[in-house]
$ cat entry17.txt   # compact mmCIF, C-alpha atoms and all ligand atoms
# COMPACT_ATOMS: atom_id res chain seq x y z
CA MET A 1 133.17 45.56 154.78
CA THR A 2 132.46 43.74 151.51
CA ASP A 3 132.62 45.60 148.20
CA ALA A 4 128.87 45.18 147.79
CA ALA A 5 128.13 46.67 151.21
CA GLU A 6 130.48 49.57 150.56
CA GLN A 7 128.88 50.24 147.15
CA LYS A 8 125.44 50.36 148.76
CA MET A 9 126.63 52.78 151.46
CA GLN A 10 128.09 55.06 148.81
CA PHE A 11 124.83 54.81 146.85
CA LEU A 12 122.78 56.04 149.83
CA PHE A 13 125.38 58.66 150.69
CA ALA A 14 125.13 60.12 147.16
CA ILE A 15 121.35 60.40 147.55
CA ARG A 16 121.51 62.02 150.99
CA SER A 17 124.16 64.46 149.84
CA LYS A 18 121.71 65.75 147.18
CA GLY A 19 119.35 66.85 149.95
CA VAL A 20 117.04 63.84 150.28
CA THR A 21 116.14 63.56 153.97
CA ASP A 22 112.70 61.87 153.92
CA THR A 23 113.35 58.63 155.82
CA ARG A 24 110.56 56.74 154.01
CA VAL A 25 112.13 57.60 150.65
CA LEU A 26 115.62 56.67 151.85
CA HIS A 27 114.29 53.39 153.22
CA ALA A 28 112.56 52.55 149.92
CA MET A 29 115.76 53.33 148.01
CA GLU A 30 117.61 51.00 150.38
CA GLN A 31 115.05 48.21 149.94
CA ILE A 32 114.92 48.19 146.12
CA ASP A 33 118.13 46.87 144.57
CA ARG A 34 118.96 48.95 141.47
CA GLY A 35 121.13 46.04 140.31
CA VAL A 36 117.92 44.13 139.43
CA PHE A 37 117.01 46.89 136.93
CA VAL A 38 120.38 47.27 135.20
CA ARG A 39 121.36 44.10 133.41
CA GLY A 40 124.10 43.27 130.92
CA HIS A 41 127.00 45.51 129.99
CA PHE A 42 126.21 48.30 132.48
CA ALA A 43 125.40 46.03 135.45
CA PRO A 44 128.73 46.77 137.22
CA ARG A 45 127.73 50.45 137.34
CA ALA A 46 124.27 49.92 138.86
CA TYR A 47 125.22 51.57 142.18
CA GLU A 48 126.80 54.66 140.70
CA ASP A 49 124.80 57.88 140.82
CA VAL A 50 124.48 58.11 137.03
CA PRO A 51 121.75 57.48 134.44
CA LEU A 52 122.47 54.35 132.36
CA PRO A 53 121.26 53.05 128.98
CA ILE A 54 118.48 50.42 128.91
CA ALA A 55 116.75 48.70 125.96
CA CYS A 56 114.84 50.61 123.23
CA GLY A 57 117.28 53.56 123.36
CA GLN A 58 115.92 54.70 126.76
CA THR A 59 117.61 55.34 130.11
CA ILE A 60 117.20 54.41 133.74
CA SER A 61 117.32 57.71 135.63
CA GLN A 62 120.08 58.81 137.98
CA PRO A 63 119.28 57.46 141.49
CA SER A 64 119.55 60.86 143.19
CA ILE A 65 117.03 62.29 140.68
CA VAL A 66 114.69 59.35 141.37
CA ALA A 67 115.01 60.14 145.10
CA ILE A 68 114.51 63.90 144.64
CA MET A 69 111.39 63.35 142.48
CA THR A 70 109.99 60.75 144.87
CA GLN A 71 110.54 63.06 147.85
CA ALA A 72 108.86 65.97 146.01
CA LEU A 73 105.86 63.73 145.21
CA ASN A 74 105.26 63.26 148.97
CA VAL A 75 103.51 59.90 148.51
CA GLN A 76 101.16 58.81 151.31
CA PRO A 77 100.49 55.16 152.24
CA ARG A 78 96.89 55.19 150.93
CA ASP A 79 97.74 56.87 147.61
CA LYS A 80 96.98 55.64 144.11
CA VAL A 81 99.91 56.71 141.94
CA LEU A 82 100.36 56.92 138.17
CA GLU A 83 103.81 56.88 136.61
CA ILE A 84 104.31 57.75 132.94
CA GLY A 85 107.43 56.11 131.47
CA THR A 86 108.10 52.73 133.13
CA GLY A 87 111.49 52.28 131.45
CA SER A 88 113.38 49.74 133.56
CA GLY A 89 110.68 49.76 136.27
CA TYR A 90 113.06 51.11 138.93
CA GLN A 91 111.11 54.26 139.78
CA ALA A 92 107.82 52.33 139.89
CA ALA A 93 109.37 49.79 142.28
CA ILE A 94 110.41 52.61 144.63
CA LEU A 95 106.89 54.08 144.46
CA SER A 96 105.37 50.68 145.19
CA ARG A 97 107.05 50.69 148.63
CA LEU A 98 105.42 54.03 149.50
CA ALA A 99 101.94 53.89 147.94
CA ARG A 100 98.88 51.64 148.15
CA ARG A 101 98.74 51.09 144.39
CA VAL A 102 100.96 52.05 141.46
CA TYR A 103 100.01 52.11 137.78
CA THR A 104 102.94 52.60 135.44
CA VAL A 105 102.61 52.98 131.67
CA GLU A 106 105.20 52.54 128.93
CA ARG A 107 104.98 53.00 125.14
CA HIS A 108 107.54 50.22 124.44
CA LYS A 109 105.99 46.79 125.00
CA ARG A 110 109.41 45.15 125.44
CA LEU A 111 110.26 47.44 128.38
CA ALA A 112 106.84 46.90 129.97
CA VAL A 113 107.22 43.10 129.76
CA GLU A 114 110.72 43.19 131.26
CA ALA A 115 109.62 45.52 134.06
CA GLN A 116 106.70 43.21 134.91
CA LYS A 117 109.13 40.27 135.24
CA ARG A 118 111.25 42.28 137.68
CA PHE A 119 108.22 43.21 139.79
CA ASP A 120 107.26 39.53 139.92
CA GLU A 121 110.82 38.55 140.85
CA LEU A 122 110.81 41.10 143.71
CA GLY A 123 107.29 40.15 144.85
CA LEU A 124 105.93 43.67 144.26
CA THR A 125 102.23 42.87 143.89
CA ASN A 126 100.79 46.40 144.02
CA VAL A 127 102.27 47.59 140.69
CA THR A 128 100.45 47.26 137.37
CA VAL A 129 102.32 47.86 134.10
CA LEU A 130 100.44 48.77 130.93
CA THR A 131 101.73 49.25 127.39
CA THR A 132 100.02 52.43 126.30
CA ASP A 133 100.64 56.05 125.33
CA GLY A 134 100.88 57.83 128.67
CA SER A 135 100.29 61.28 127.21
CA HIS A 136 96.58 60.46 127.55
CA GLY A 137 97.06 59.31 131.15
CA LEU A 138 95.01 56.33 132.30
CA PRO A 139 91.39 57.56 132.31
CA GLU A 140 89.96 54.18 133.42
CA GLN A 141 91.84 54.39 136.76
CA ALA A 142 91.59 58.16 137.30
CA PRO A 143 91.63 60.22 139.45
CA PHE A 144 95.09 59.78 140.95
CA ASP A 145 96.50 61.14 144.22
CA ARG A 146 99.95 61.45 142.69
CA ILE A 147 101.29 61.48 139.11
CA LEU A 148 104.97 61.21 138.22
CA VAL A 149 106.15 61.74 134.65
CA THR A 150 109.65 60.50 133.83
CA ALA A 151 109.85 61.77 130.24
CA ALA A 152 109.86 65.44 129.23
CA ALA A 153 106.87 67.13 127.58
CA GLU A 154 106.94 70.69 126.26
CA ASP A 155 103.98 71.51 128.53
CA PRO A 156 102.12 69.53 131.19
CA PRO A 157 99.74 67.26 129.19
CA GLY A 158 96.10 68.33 129.69
CA PRO A 159 94.76 64.78 130.25
CA LEU A 160 97.25 64.26 133.11
CA LEU A 161 96.22 67.53 134.79
CA ALA A 162 92.59 66.43 134.42
CA GLN A 163 93.30 63.08 136.10
CA LEU A 164 94.82 64.63 139.24
CA ARG A 165 92.57 64.56 142.32
CA VAL A 166 91.96 67.74 144.35
CA GLY A 167 94.87 67.86 146.83
CA GLY A 168 96.90 65.77 144.38
CA ILE A 169 100.48 66.40 143.27
CA MET A 170 102.12 65.86 139.90
CA ILE A 171 105.89 66.03 139.33
CA LEU A 172 107.12 66.31 135.76
CA PRO A 173 109.99 67.60 133.62
CA VAL A 174 108.95 70.20 131.04
CA GLY A 175 110.91 71.63 128.15
CA GLN A 176 112.39 70.58 124.84
CA SER A 177 114.17 67.25 124.72
CA ASP A 178 117.55 68.50 123.54
CA HIS A 179 117.63 71.29 126.13
CA VAL A 180 117.88 71.45 129.87
CA GLN A 181 114.37 70.99 131.23
CA ARG A 182 112.65 72.28 134.35
CA LEU A 183 111.28 69.91 136.97
CA ILE A 184 107.82 71.20 137.91
CA LYS A 185 105.51 70.44 140.82
CA VAL A 186 101.80 70.90 140.06
CA THR A 187 99.33 70.86 142.96
CA ARG A 188 95.59 70.71 142.35
CA THR A 189 93.71 72.85 144.86
CA GLU A 190 89.97 73.52 145.24
CA ASN A 191 90.49 76.61 143.09
CA GLY A 192 92.77 75.35 140.33
CA LEU A 193 96.41 74.47 139.80
CA ASP A 194 99.53 75.76 141.58
CA TYR A 195 102.92 75.49 139.86
CA ASP A 196 106.36 75.38 141.54
CA GLU A 197 109.65 75.07 139.75
CA LEU A 198 112.05 72.70 141.54
CA ARG A 199 115.30 72.40 139.58
CA GLN A 200 116.86 71.72 136.20
CA VAL A 201 116.85 68.16 134.87
CA ARG A 202 117.41 66.23 131.66
CA PHE A 203 115.04 63.46 130.55
CA VAL A 204 114.28 61.62 127.32
CA PRO A 205 111.25 63.09 125.50
CA LEU A 206 107.63 62.10 126.03
CA VAL A 207 106.72 60.65 122.61
CA GLU A 208 103.16 60.15 121.42
CA GLY A 209 101.96 56.77 120.10
CA LEU A 210 103.29 53.27 120.80
CA GLY A 211 106.94 52.23 120.26
CA GLN A 212 108.16 49.85 117.54
CA GLU A 213 109.13 47.06 119.93
N1 LIG A 301 111.18 55.73 135.08
C1 LIG A 301 112.16 54.98 134.30
C2 LIG A 301 113.02 55.85 133.41
C3 LIG A 301 112.23 56.39 132.33
S1 LIG A 301 112.98 56.81 130.80
C4 LIG A 301 113.02 54.11 135.17
O1 LIG A 301 112.89 54.16 136.40
O2 LIG A 301 113.81 53.33 134.60
C5 LIG A 301 111.46 57.40 130.07
C6 LIG A 301 110.54 56.32 129.57
O3 LIG A 301 109.36 56.96 129.13
C7 LIG A 301 111.10 55.55 128.39
O4 LIG A 301 111.10 54.19 128.66
C8 LIG A 301 110.14 55.90 127.26
O5 LIG A 301 109.92 54.83 126.35
C9 LIG A 301 108.87 56.24 128.02
N2 LIG A 301 107.92 57.10 127.30
C10 LIG A 301 108.17 58.17 126.50
N3 LIG A 301 107.02 58.68 126.02
C11 LIG A 301 106.01 57.93 126.54
C12 LIG A 301 104.58 57.94 126.41
N4 LIG A 301 103.94 58.84 125.65
N5 LIG A 301 103.87 57.01 127.08
C13 LIG A 301 104.50 56.08 127.85
N6 LIG A 301 105.83 56.00 128.00
C14 LIG A 301 106.58 56.90 127.36
$ encode --input "entry17.txt" --output "C-alpha cells" --more "lines below"
Ligand code: SAH
Amino acid sequence: MTDAAEQKMQFLFAIRSKGVTDTRVLHAMEQIDRGVFVRGHFAPRAYEDVPLPIACGQTISQPSIVAIMTQALNVQPRDKVLEIGTGSGYQAAILSRLARRVYTVERHKRLAVEAQKRFDELGLTNVTVLTTDGSHGLPEQAPFDRILVTAAAEDPPGPLLAQLRVGGIMILPVGQSDHVQRLIKVTRTENGLDYDELRQVRFVPLVEGLGQE
C-alpha cells in the first residue's frame, strides 16, 4: 500500500474509533480530501487527527470532532444548512456532500475568499460563503433545517435559535474561550427548545463584528 493510501486508512480509522458509525458521514469524510484545506507548513500533517493552524490565527478542527458534530447534526438530503465559522472550509465541504444547500459565514474576508476557491476547485456548487458576522445568523436565508456553529459562544445566540425551523437541530460549543466548552445539541420542537449536552470540546471564540483581514 502507498503511504498516501495508508494515511487515509488511518484517518478513517481514527474517526471510526471515536464512535462515528453513520455511513453517510464516513463516506463524506472519505470523499473530501482534508489535504486541500491545509496548505503550507502544516500540509504534511493534514491526515492526522489533530486541529491545525490556518490563516488569521484560526484553526481547522480535528477531523474526529468534525465527524462527531456532523453525525450529531443528522443532516438529511433535502436540508438547508447554515454553518457559522467557515475557517478553512473543510466542515462546510463535508456538509455539502450531505445537504441540499449549505450557507457558511466567516468574519475574516481572507478565509472566506480562500474557502470559496477550494469549493470551486472541488466542484462543490451547493455551498455559498459569505463574509459577515455569524452571531446574527443569516436572516435573509432563514429558516434553516440545521445550524452548526464552529466557534464557541458563552450562550446559544438568540438570532440563531430564532432561525432554526421546527424539527430543526443546532449543534454548537458553549462556554468561555479559554476553558473547556460543552458541545450542545438544540432541537426546536412545536413547543420550544430541547437541550442535550454531548461532550466536552475546545473551539476558538465566536467574536462579534468583522475581522481585520
Ligand atoms: N469550521 C472551520 C473551523 C472553524 S474555526 C473549518 O472547518 O476549518 C472558527 C472560525 O469561526 C474562525 O475562522 C473564525 O474566524 C470564525 N468566527 C468567529 N466568530 C465569528 C463570527 N461572529 N461570525 C463568523 N465567523 C466567526
$ residues_near_ligand --input "entry17.txt" --ligand "ligand LIG 301 (chain A)" --cutoff "7 Å" --atoms "all atoms listed in the file" --output "JSON, numbers by chain"
{"A": [58, 59, 60, 61, 84, 85, 86, 87, 88, 89, 90, 91, 92, 105, 106, 107, 108, 111, 132, 133, 134, 135, 150, 151, 203, 204, 205, 206, 207, 208, 209]}
$ axis_aligned_box --input "entry17.txt" --around "segment 56-71 of chain A" --padding-each-side "6 Å" --output "lines of an AutoDock Vina configuration file"
center_x = 115.0
center_y = 57.3
center_z = 135.5
size_x = 22.1
size_y = 25.3
size_z = 36.6
$ residues_around --input "entry17.txt" --residues "Arg202 of chain A" --least-positions-apart "2" --cutoff "9 Å" --atoms "only C-alpha atoms" --output "PyMOL selection string"
chain A and resi 151-152+173+177-183+200+204
$ atom_distance --input "entry17.txt" --atom1 "atom CA of Cys56 of chain A" --atom2 "atom CA of Glu213 of chain A"
7.5 Å
$ closest_residue --input "entry17.txt" --among "A:Gln212, A:Gln163, A:Thr23, A:Thr2" --to "Lys80 of chain A" --atoms "only C-alpha atoms"
A:Gln163
$ atom_distance --input "entry17.txt" --atom1 "atom CA of Thr104 of chain A" --atom2 "atom CA of Phe13 of chain A"
27.8 Å
$ closest_residue --input "entry17.txt" --among "A:Gly167, A:Ala14, A:Leu138, A:Gly57" --to "Val75 of chain A" --atoms "all atoms listed in the file"
A:Gly167
$ closest_residue --input "entry17.txt" --among "A:Leu124, A:Leu98, A:Leu130, A:Ala72" --to "Val186 of chain A" --atoms "only C-alpha atoms"
A:Ala72
$ closest_residue --input "entry17.txt" --among "A:Phe42, A:Arg97, A:Lys8, A:Asp79" --to "Ala28 of chain A" --atoms "all atoms listed in the file"
A:Arg97
$ decode --input "entry17.txt" --residues "segment 60-73 of chain A" --atoms "all heavy atoms" --output "mmCIF file, in the first residue's frame"
data_model
loop_
_atom_site.group_PDB
_atom_site.id
_atom_site.type_symbol
_atom_site.label_atom_id
_atom_site.label_comp_id
_atom_site.auth_asym_id
_atom_site.auth_seq_id
_atom_site.Cartn_x
_atom_site.Cartn_y
_atom_site.Cartn_z
ATOM 1 N N ILE A 60 -8.234 24.832 11.805
ATOM 2 C CA ILE A 60 -9.110 23.835 11.185
ATOM 3 C C ILE A 60 -9.308 22.785 12.276
ATOM 4 O O ILE A 60 -8.351 22.356 12.920
ATOM 5 C CB ILE A 60 -8.501 23.234 9.889
ATOM 6 C CG1 ILE A 60 -9.380 22.111 9.320
ATOM 7 C CG2 ILE A 60 -7.080 22.741 10.070
ATOM 8 C CD1 ILE A 60 -8.964 21.651 7.909
ATOM 9 N N SER A 61 -10.571 22.390 12.493
ATOM 10 C CA SER A 61 -10.887 21.491 13.609
ATOM 11 C C SER A 61 -10.283 20.105 13.406
ATOM 12 O O SER A 61 -9.931 19.714 12.293
ATOM 13 C CB SER A 61 -12.401 21.360 13.754
ATOM 14 O OG SER A 61 -13.011 22.619 13.768
ATOM 15 N N GLN A 62 -10.236 19.378 14.518
ATOM 16 C CA GLN A 62 -9.778 17.983 14.499
ATOM 17 C C GLN A 62 -10.787 17.154 13.694
ATOM 18 O O GLN A 62 -11.998 17.276 13.915
ATOM 19 C CB GLN A 62 -9.751 17.533 15.951
ATOM 20 C CG GLN A 62 -9.195 16.182 16.203
ATOM 21 C CD GLN A 62 -9.151 15.904 17.703
ATOM 22 O OE1 GLN A 62 -9.314 16.800 18.524
ATOM 23 N NE2 GLN A 62 -8.936 14.665 18.043
ATOM 24 N N PRO A 63 -10.337 16.314 12.756
ATOM 25 C CA PRO A 63 -11.276 15.560 11.915
ATOM 26 C C PRO A 63 -12.305 14.745 12.699
ATOM 27 O O PRO A 63 -13.478 14.715 12.317
ATOM 28 C CB PRO A 63 -10.363 14.632 11.107
ATOM 29 C CG PRO A 63 -9.039 15.285 11.116
ATOM 30 C CD PRO A 63 -8.944 16.105 12.364
ATOM 31 N N SER A 64 -11.902 14.113 13.799
ATOM 32 C CA SER A 64 -12.891 13.298 14.535
ATOM 33 C C SER A 64 -13.965 14.180 15.157
ATOM 34 O O SER A 64 -15.120 13.766 15.274
ATOM 35 C CB SER A 64 -12.211 12.413 15.580
ATOM 36 O OG SER A 64 -11.490 13.191 16.492
ATOM 37 N N ILE A 65 -13.619 15.420 15.518
ATOM 38 C CA ILE A 65 -14.634 16.351 16.063
ATOM 39 C C ILE A 65 -15.571 16.797 14.935
ATOM 40 O O ILE A 65 -16.788 16.897 15.123
ATOM 41 C CB ILE A 65 -13.958 17.569 16.751
ATOM 42 C CG1 ILE A 65 -13.199 17.124 17.995
ATOM 43 C CG2 ILE A 65 -14.983 18.647 17.095
ATOM 44 C CD1 ILE A 65 -14.073 16.659 19.158
ATOM 45 N N VAL A 66 -15.014 17.053 13.750
ATOM 46 C CA VAL A 66 -15.845 17.384 12.583
ATOM 47 C C VAL A 66 -16.851 16.254 12.348
ATOM 48 O O VAL A 66 -18.051 16.479 12.151
ATOM 49 C CB VAL A 66 -14.967 17.605 11.322
ATOM 50 C CG1 VAL A 66 -15.810 17.699 10.061
ATOM 51 C CG2 VAL A 66 -14.103 18.858 11.485
ATOM 52 N N ALA A 67 -16.365 15.006 12.406
ATOM 53 C CA ALA A 67 -17.229 13.843 12.156
ATOM 54 C C ALA A 67 -18.292 13.692 13.241
ATOM 55 O O ALA A 67 -19.462 13.434 12.937
ATOM 56 C CB ALA A 67 -16.371 12.581 12.063
ATOM 57 N N ILE A 68 -17.893 13.875 14.494
ATOM 58 C CA ILE A 68 -18.833 13.745 15.624
ATOM 59 C C ILE A 68 -19.926 14.815 15.511
ATOM 60 O O ILE A 68 -21.120 14.531 15.680
ATOM 61 C CB ILE A 68 -18.069 13.861 16.965
ATOM 62 C CG1 ILE A 68 -17.290 12.559 17.223
ATOM 63 C CG2 ILE A 68 -19.003 14.186 18.127
ATOM 64 C CD1 ILE A 68 -16.249 12.659 18.326
ATOM 65 N N MET A 69 -19.531 16.055 15.198
ATOM 66 C CA MET A 69 -20.517 17.141 15.091
ATOM 67 C C MET A 69 -21.439 16.915 13.890
ATOM 68 O O MET A 69 -22.645 17.157 13.963
ATOM 69 C CB MET A 69 -19.805 18.493 15.000
ATOM 70 C CG MET A 69 -19.176 18.882 16.333
ATOM 71 S SD MET A 69 -18.134 20.350 16.236
ATOM 72 C CE MET A 69 -19.325 21.673 16.216
ATOM 73 N N THR A 70 -20.867 16.443 12.798
ATOM 74 C CA THR A 70 -21.669 16.203 11.592
ATOM 75 C C THR A 70 -22.672 15.077 11.852
ATOM 76 O O THR A 70 -23.845 15.180 11.467
ATOM 77 C CB THR A 70 -20.758 15.850 10.401
ATOM 78 O OG1 THR A 70 -19.760 16.859 10.273
ATOM 79 C CG2 THR A 70 -21.546 15.765 9.103
ATOM 80 N N GLN A 71 -22.214 14.035 12.532
ATOM 81 C CA GLN A 71 -23.125 12.922 12.848
ATOM 82 C C GLN A 71 -24.257 13.406 13.762
ATOM 83 O O GLN A 71 -25.423 13.078 13.539
ATOM 84 C CB GLN A 71 -22.342 11.782 13.510
ATOM 85 C CG GLN A 71 -23.211 10.617 13.935
ATOM 86 C CD GLN A 71 -22.394 9.382 14.284
ATOM 87 O OE1 GLN A 71 -22.058 8.581 13.426
ATOM 88 N NE2 GLN A 71 -22.069 9.217 15.560
ATOM 89 N N ALA A 72 -23.910 14.214 14.767
ATOM 90 C CA ALA A 72 -24.924 14.716 15.710
ATOM 91 C C ALA A 72 -25.945 15.616 15.000
ATOM 92 O O ALA A 72 -27.105 15.696 15.403
ATOM 93 C CB ALA A 72 -24.240 15.479 16.845
ATOM 94 N N LEU A 73 -25.514 16.286 13.940
ATOM 95 C CA LEU A 73 -26.401 17.207 13.209
ATOM 96 C C LEU A 73 -27.464 16.452 12.401
ATOM 97 O O LEU A 73 -28.497 17.009 12.050
ATOM 98 C CB LEU A 73 -25.543 18.095 12.303
ATOM 99 C CG LEU A 73 -26.145 19.409 11.814
ATOM 100 C CD1 LEU A 73 -26.457 20.344 12.980
ATOM 101 C CD2 LEU A 73 -25.189 20.113 10.843
#
